[in-house]
Amino acid sequence: MASISILLTGPTGYIGGSVLSALLRHPRFEEFHITVLVRSAEKVSRFNGVPVVPVVGSYADTGLLTKLASQSDLVITCADADDLPAAEAILAGLNKRHRETLTVPVLIHTSGIGVLMDNALGNYASDEIYSDLDIHKLECLPKTQPHREVDLAIADAGEEGYAKTCIVLPGLVYGIAKTHLVSLGLQNPRSQQIPNIIKAGLDRRQGGVVGRGLNIWSHVRIEDLVCLYMHIFDAAISCRRLYVGRIGFYFGENGECAIGEICQVVAKGLHARGCGDSKPTVFTQGEMEKYFTPMMGANARVRGERARSIGWRPVHTTQDMLDNIRVEVDASFGTQVWKKD
């Protein structure tokens with residue numbers, strides 16, 4: 001039985017670690033040879049006992065990225081979605097793989113629906129909703145949008161034919177990861193957006209809101225998102241139909257919510273813990289710059305119709321997301337902030 005060589009970047013991150021954990025549980029795991037890119041020798045030693053090959057390096061090591069990609073049948077990138085030189089290095093490696101083996105390797109890349117961000121600053125809800133089936137509308141996005149240059153380079157590679165490229169664009173990802181890698185202390189168990197709203201409220205001793213809180217984001221629970229990656233992965237290794245290249249965009253979402261509603265629930269949770277009033281107050285400009293990216297005040301509304309067309313069936317709803325905020329608040333009172341390696 002021929003092995004399947006897999007390279008995964010970002011294995012200690014929230015999404016990357018969750019995807020790696022799913023690969024380690026995969027029914028065909030015995031066929032996999034998994035290499036992971038980690039940024040410190042200390043993390044390499046902590047991967048002892050995990051059946052992967054850790055390699056020390058970062059996205060700045062473009063020569064290493066090209067080499068590792070050239071040795072891989074399938075690459076999953078779960079690190080910086082805006083690093084164009086790193087993406088180009090990985091694509092160069094996949095091109096080399098294609099030329100030398102006459103096979104077509106696969107790239108599953110993590111982007112994000114922040115690519116759709118507007119300048120709402122929390123002050124209005126947009127009626128603009130994007131479907132991953134409406135490729136013409138997506139192609140009208142300017143290259144200046146976050147993630148866009150990298151997304152275009154990857155889609156172009158898929159069109160050239162030397163790699164099958166799939167781009168996953170998650171919405172606001174929530175839920176505390178409970179993987180084996182988390183239990184080993186290898187993986188960041190928490191996302192960014194909701195924990196940062198909570199952290200900002202804790203630091204200022206009062207729950208806050210972005211502008212008027214009217215902007216809307218689509219969302220997805222981490223377990224549902226990992227299932228989307230696995231649907232794409234399974235189709236790739238089984239040679240089933242995949243949408244790739246310019247049509248290979250997959251939105252990860254299962255509902256949407258105004259950021260203000262999330263902020264209200266956070267403020268109530270903090271108040272119940274004796275921290276501030278139950279009604280959020282507006283974050284100052286300084287607080288916005290300290291705790292958030294400009295995306296937090298933007299609208300990003302999507303429908304994952306292509307994602308569902310390949311069999312993905314997310315189950316966690318907007319109410320599940322709002323209910324989970326209490327768990328996030330409790331965790332923020334009981335845990336320290338995760339520090340990247």
# chains A, B, ... in the order shown; residues from 1 in each chain; ligands from 1
call {"tool": "residues_around", "arguments": {"residues": "stretch 75-91 of chain A", "least_positions_apart": "2", "cutoff": "6 Å", "atoms": "only C-alpha atoms", "output": "count of residues only"}}
result
20
call {"tool": "residues_around", "arguments": {"residues": "A:Cys257", "least_positions_apart": "6", "cutoff": "7 Å", "atoms": "only C-alpha atoms", "output": "PDB file with C-alpha atoms, in the first residue's frame"}}
result
ATOM      1  CA  ILE A 216     -22.802  40.938  10.897  1.00  0.00           C
ATOM      2  CA  TRP A 217     -20.436  37.982  10.675  1.00  0.00           C
ATOM      3  CA  SER A 218     -21.142  34.428   9.608  1.00  0.00           C
ATOM      4  CA  THR A 318     -26.290  30.567  16.043  1.00  0.00           C
TER       5      THR A 318
END
call {"tool": "closest_atom_pairs", "arguments": {"of": "stretch 227-288 of chain A", "to": "stretch 131-139 of chain A", "cutoff": "8 Å", "atoms": "only C-alpha atoms", "output": "Markdown table"}}
result
| residue | atom | partner | partner_atom | distance |
| --- | --- | --- | --- | --- |
| A:Arg246 | CA | A:Ile135 | CA | 7.5 |
| A:Ile247 | CA | A:Ile135 | CA | 6.3 |
| A:Phe249 | CA | A:Asp132 | CA | 5.9 |
| A:Tyr250 | CA | A:Asp132 | CA | 5.8 |
| A:Phe251 | CA | A:Asp132 | CA | 6.0 |
call {"tool": "residues_around", "arguments": {"residues": "A:Ile259", "least_positions_apart": "3", "cutoff": "12 Å", "atoms": "only C-alpha atoms", "output": "MDAnalysis selection string"}}
result
chainID A and resid 120:125 172 193:194 197 208:219 256 262:266 280 295:301 318 321:322
call {"tool": "write_last_selection", "arguments": {"atoms": "N, CA, C and O atoms", "output": "compact mmCIF listing (two decimals), in the first residue's frame"}}
result
# COMPACT_ATOMS: atom_id res chain seq x y z
N ALA A 120 -17.51 49.16 7.80
CA ALA A 120 -18.68 49.48 8.62
C ALA A 120 -18.33 50.04 9.99
O ALA A 120 -19.10 50.80 10.58
N LEU A 121 -17.20 49.61 10.54
CA LEU A 121 -16.77 50.04 11.88
C LEU A 121 -17.84 49.75 12.94
O LEU A 121 -17.95 50.45 13.95
N GLY A 122 -18.63 48.71 12.67
CA GLY A 122 -19.66 48.32 13.62
C GLY A 122 -20.94 49.12 13.52
O GLY A 122 -21.89 48.86 14.27
N ASN A 123 -21.02 50.06 12.59
CA ASN A 123 -22.11 51.03 12.61
C ASN A 123 -23.27 50.71 11.67
O ASN A 123 -24.28 51.42 11.68
N TYR A 124 -23.16 49.69 10.86
CA TYR A 124 -24.29 49.30 10.03
C TYR A 124 -24.16 47.84 9.61
O TYR A 124 -23.07 47.27 9.59
N ALA A 125 -25.31 47.25 9.29
CA ALA A 125 -25.36 45.90 8.74
C ALA A 125 -25.45 45.99 7.23
O ALA A 125 -26.22 46.80 6.70
N LEU A 172 -16.41 33.45 11.51
CA LEU A 172 -15.97 33.59 12.89
C LEU A 172 -16.00 32.20 13.52
O LEU A 172 -17.06 31.59 13.65
N GLN A 193 -11.59 35.80 18.04
CA GLN A 193 -12.55 36.91 18.10
C GLN A 193 -13.29 37.00 19.43
O GLN A 193 -13.22 38.02 20.13
N ILE A 194 -14.04 35.95 19.79
CA ILE A 194 -14.82 36.02 21.02
C ILE A 194 -13.92 36.10 22.26
O ILE A 194 -14.15 36.93 23.15
N ILE A 197 -12.84 39.68 22.67
CA ILE A 197 -13.91 40.54 23.21
C ILE A 197 -13.98 40.38 24.72
O ILE A 197 -14.11 41.36 25.47
N GLY A 208 -17.54 45.44 26.36
CA GLY A 208 -17.57 46.49 25.34
C GLY A 208 -18.23 46.04 24.06
O GLY A 208 -18.53 44.86 23.86
N VAL A 209 -18.46 47.00 23.17
CA VAL A 209 -19.07 46.72 21.88
C VAL A 209 -18.33 47.54 20.82
O VAL A 209 -17.80 48.62 21.10
N VAL A 210 -18.28 47.00 19.62
CA VAL A 210 -17.61 47.65 18.50
C VAL A 210 -18.60 48.60 17.83
O VAL A 210 -19.58 48.15 17.22
N GLY A 211 -18.37 49.91 17.94
CA GLY A 211 -19.29 50.88 17.36
C GLY A 211 -20.70 50.67 17.87
O GLY A 211 -20.92 50.50 19.08
N ARG A 212 -21.65 50.63 16.96
CA ARG A 212 -23.06 50.38 17.34
C ARG A 212 -23.36 48.88 17.39
O ARG A 212 -24.48 48.49 17.75
N GLY A 213 -22.38 48.05 17.03
CA GLY A 213 -22.56 46.61 17.11
C GLY A 213 -23.49 46.04 16.06
O GLY A 213 -24.01 44.92 16.23
N LEU A 214 -23.68 46.75 14.96
CA LEU A 214 -24.66 46.32 13.96
C LEU A 214 -24.08 45.43 12.87
O LEU A 214 -24.83 44.78 12.14
N ASN A 215 -22.76 45.42 12.72
CA ASN A 215 -22.15 44.61 11.65
C ASN A 215 -22.35 43.12 11.91
O ASN A 215 -22.46 42.68 13.06
N ILE A 216 -22.43 42.35 10.83
CA ILE A 216 -22.80 40.94 10.90
C ILE A 216 -21.67 40.06 10.38
O ILE A 216 -21.07 40.35 9.35
N TRP A 217 -21.41 38.99 11.10
CA TRP A 217 -20.44 37.98 10.67
C TRP A 217 -21.10 36.61 10.62
O TRP A 217 -21.87 36.25 11.51
N SER A 218 -20.79 35.85 9.60
CA SER A 218 -21.14 34.43 9.61
C SER A 218 -20.18 33.70 10.54
O SER A 218 -19.07 34.17 10.80
N HIS A 219 -20.61 32.57 11.07
CA HIS A 219 -19.81 31.87 12.07
C HIS A 219 -19.84 30.37 11.82
O HIS A 219 -20.68 29.85 11.08
N GLU A 256 -25.33 33.28 11.11
CA GLU A 256 -24.69 34.58 11.23
C GLU A 256 -25.29 35.34 12.40
O GLU A 256 -26.38 35.00 12.89
N ILE A 262 -23.24 39.42 20.15
CA ILE A 262 -22.19 38.68 20.85
C ILE A 262 -21.65 39.50 22.00
O ILE A 262 -21.48 38.99 23.13
N CYS A 263 -21.41 40.78 21.76
CA CYS A 263 -20.88 41.66 22.81
C CYS A 263 -21.85 41.78 23.98
O CYS A 263 -21.42 41.87 25.14
N GLN A 264 -23.14 41.80 23.70
CA GLN A 264 -24.13 41.87 24.77
C GLN A 264 -24.09 40.64 25.65
O GLN A 264 -24.14 40.74 26.89
N VAL A 265 -23.97 39.47 25.02
CA VAL A 265 -23.91 38.23 25.80
C VAL A 265 -22.62 38.18 26.62
O VAL A 265 -22.62 37.74 27.78
N VAL A 266 -21.52 38.66 26.03
CA VAL A 266 -20.26 38.72 26.77
C VAL A 266 -20.40 39.62 27.98
O VAL A 266 -19.98 39.27 29.10
N PRO A 280 -23.04 46.54 27.44
CA PRO A 280 -21.69 46.91 26.98
C PRO A 280 -21.60 48.39 26.63
O PRO A 280 -22.58 49.01 26.21
N MET A 295 -11.11 44.01 11.02
CA MET A 295 -12.17 43.08 10.61
C MET A 295 -13.30 43.00 11.63
O MET A 295 -14.44 42.71 11.27
N MET A 296 -13.00 43.24 12.92
CA MET A 296 -14.02 43.06 13.95
C MET A 296 -15.20 44.00 13.75
O MET A 296 -16.32 43.68 14.14
N GLY A 297 -14.98 45.15 13.14
CA GLY A 297 -16.08 46.07 12.91
C GLY A 297 -16.72 45.95 11.55
O GLY A 297 -17.63 46.71 11.21
N ALA A 298 -16.25 45.00 10.75
CA ALA A 298 -16.72 44.86 9.36
C ALA A 298 -17.89 43.89 9.27
O ALA A 298 -18.19 43.14 10.19
N ASN A 299 -18.53 43.91 8.12
CA ASN A 299 -19.51 42.88 7.76
C ASN A 299 -18.83 41.80 6.94
O ASN A 299 -17.97 42.10 6.09
N ALA A 300 -19.21 40.56 7.18
CA ALA A 300 -18.69 39.43 6.40
C ALA A 300 -19.76 38.34 6.42
O ALA A 300 -19.79 37.50 7.32
N ARG A 301 -20.64 38.39 5.45
CA ARG A 301 -21.81 37.49 5.41
C ARG A 301 -21.66 36.53 4.23
O ARG A 301 -21.49 36.96 3.08
N THR A 318 -26.57 29.28 15.41
CA THR A 318 -26.29 30.57 16.04
C THR A 318 -26.58 30.51 17.54
O THR A 318 -25.83 31.05 18.35
N MET A 321 -23.77 28.99 19.28
CA MET A 321 -22.66 29.92 19.40
C MET A 321 -22.87 30.87 20.57
O MET A 321 -21.96 31.10 21.39
N LEU A 322 -24.07 31.42 20.68
CA LEU A 322 -24.36 32.34 21.78
C LEU A 322 -24.31 31.63 23.13
O LEU A 322 -23.79 32.17 24.12
call {"tool": "select_by_dssp", "arguments": {"residues": "stretch 5-123 of chain A", "states": "strand (DSSP E)", "output": "ChimeraX atom specification"}}
result
/A:5-9,32-38,53-56,74-77,106-110
call {"tool": "select_by_dssp", "arguments": {"residues": "stretch 49-214 of chain A", "states": "helix (DSSP H, G or I)", "output": "ChimeraX atom specification"}}
result
/A:62-70,84-101,113-116,135-139,148-160,180-183,193-204
call {"tool": "atom_distance", "arguments": {"atom1": "atom CA of A:Pro314", "atom2": "atom CA of A:Val220"}}
result
8.1 Å
call {"tool": "residues_around", "arguments": {"residues": "A:Gly17", "least_positions_apart": "6", "cutoff": "9 Å", "atoms": "only C-alpha atoms", "output": "PyMOL selection string"}}
result
chain A and resi 10-11+78+177+179+181-182+186-189
call {"tool": "closest_residue", "arguments": {"among": "A:Gly201, A:Gly175, A:Gly49, A:Gly13", "to": "A:Glu287", "atoms": "only C-alpha atoms"}}
result
A:Gly201
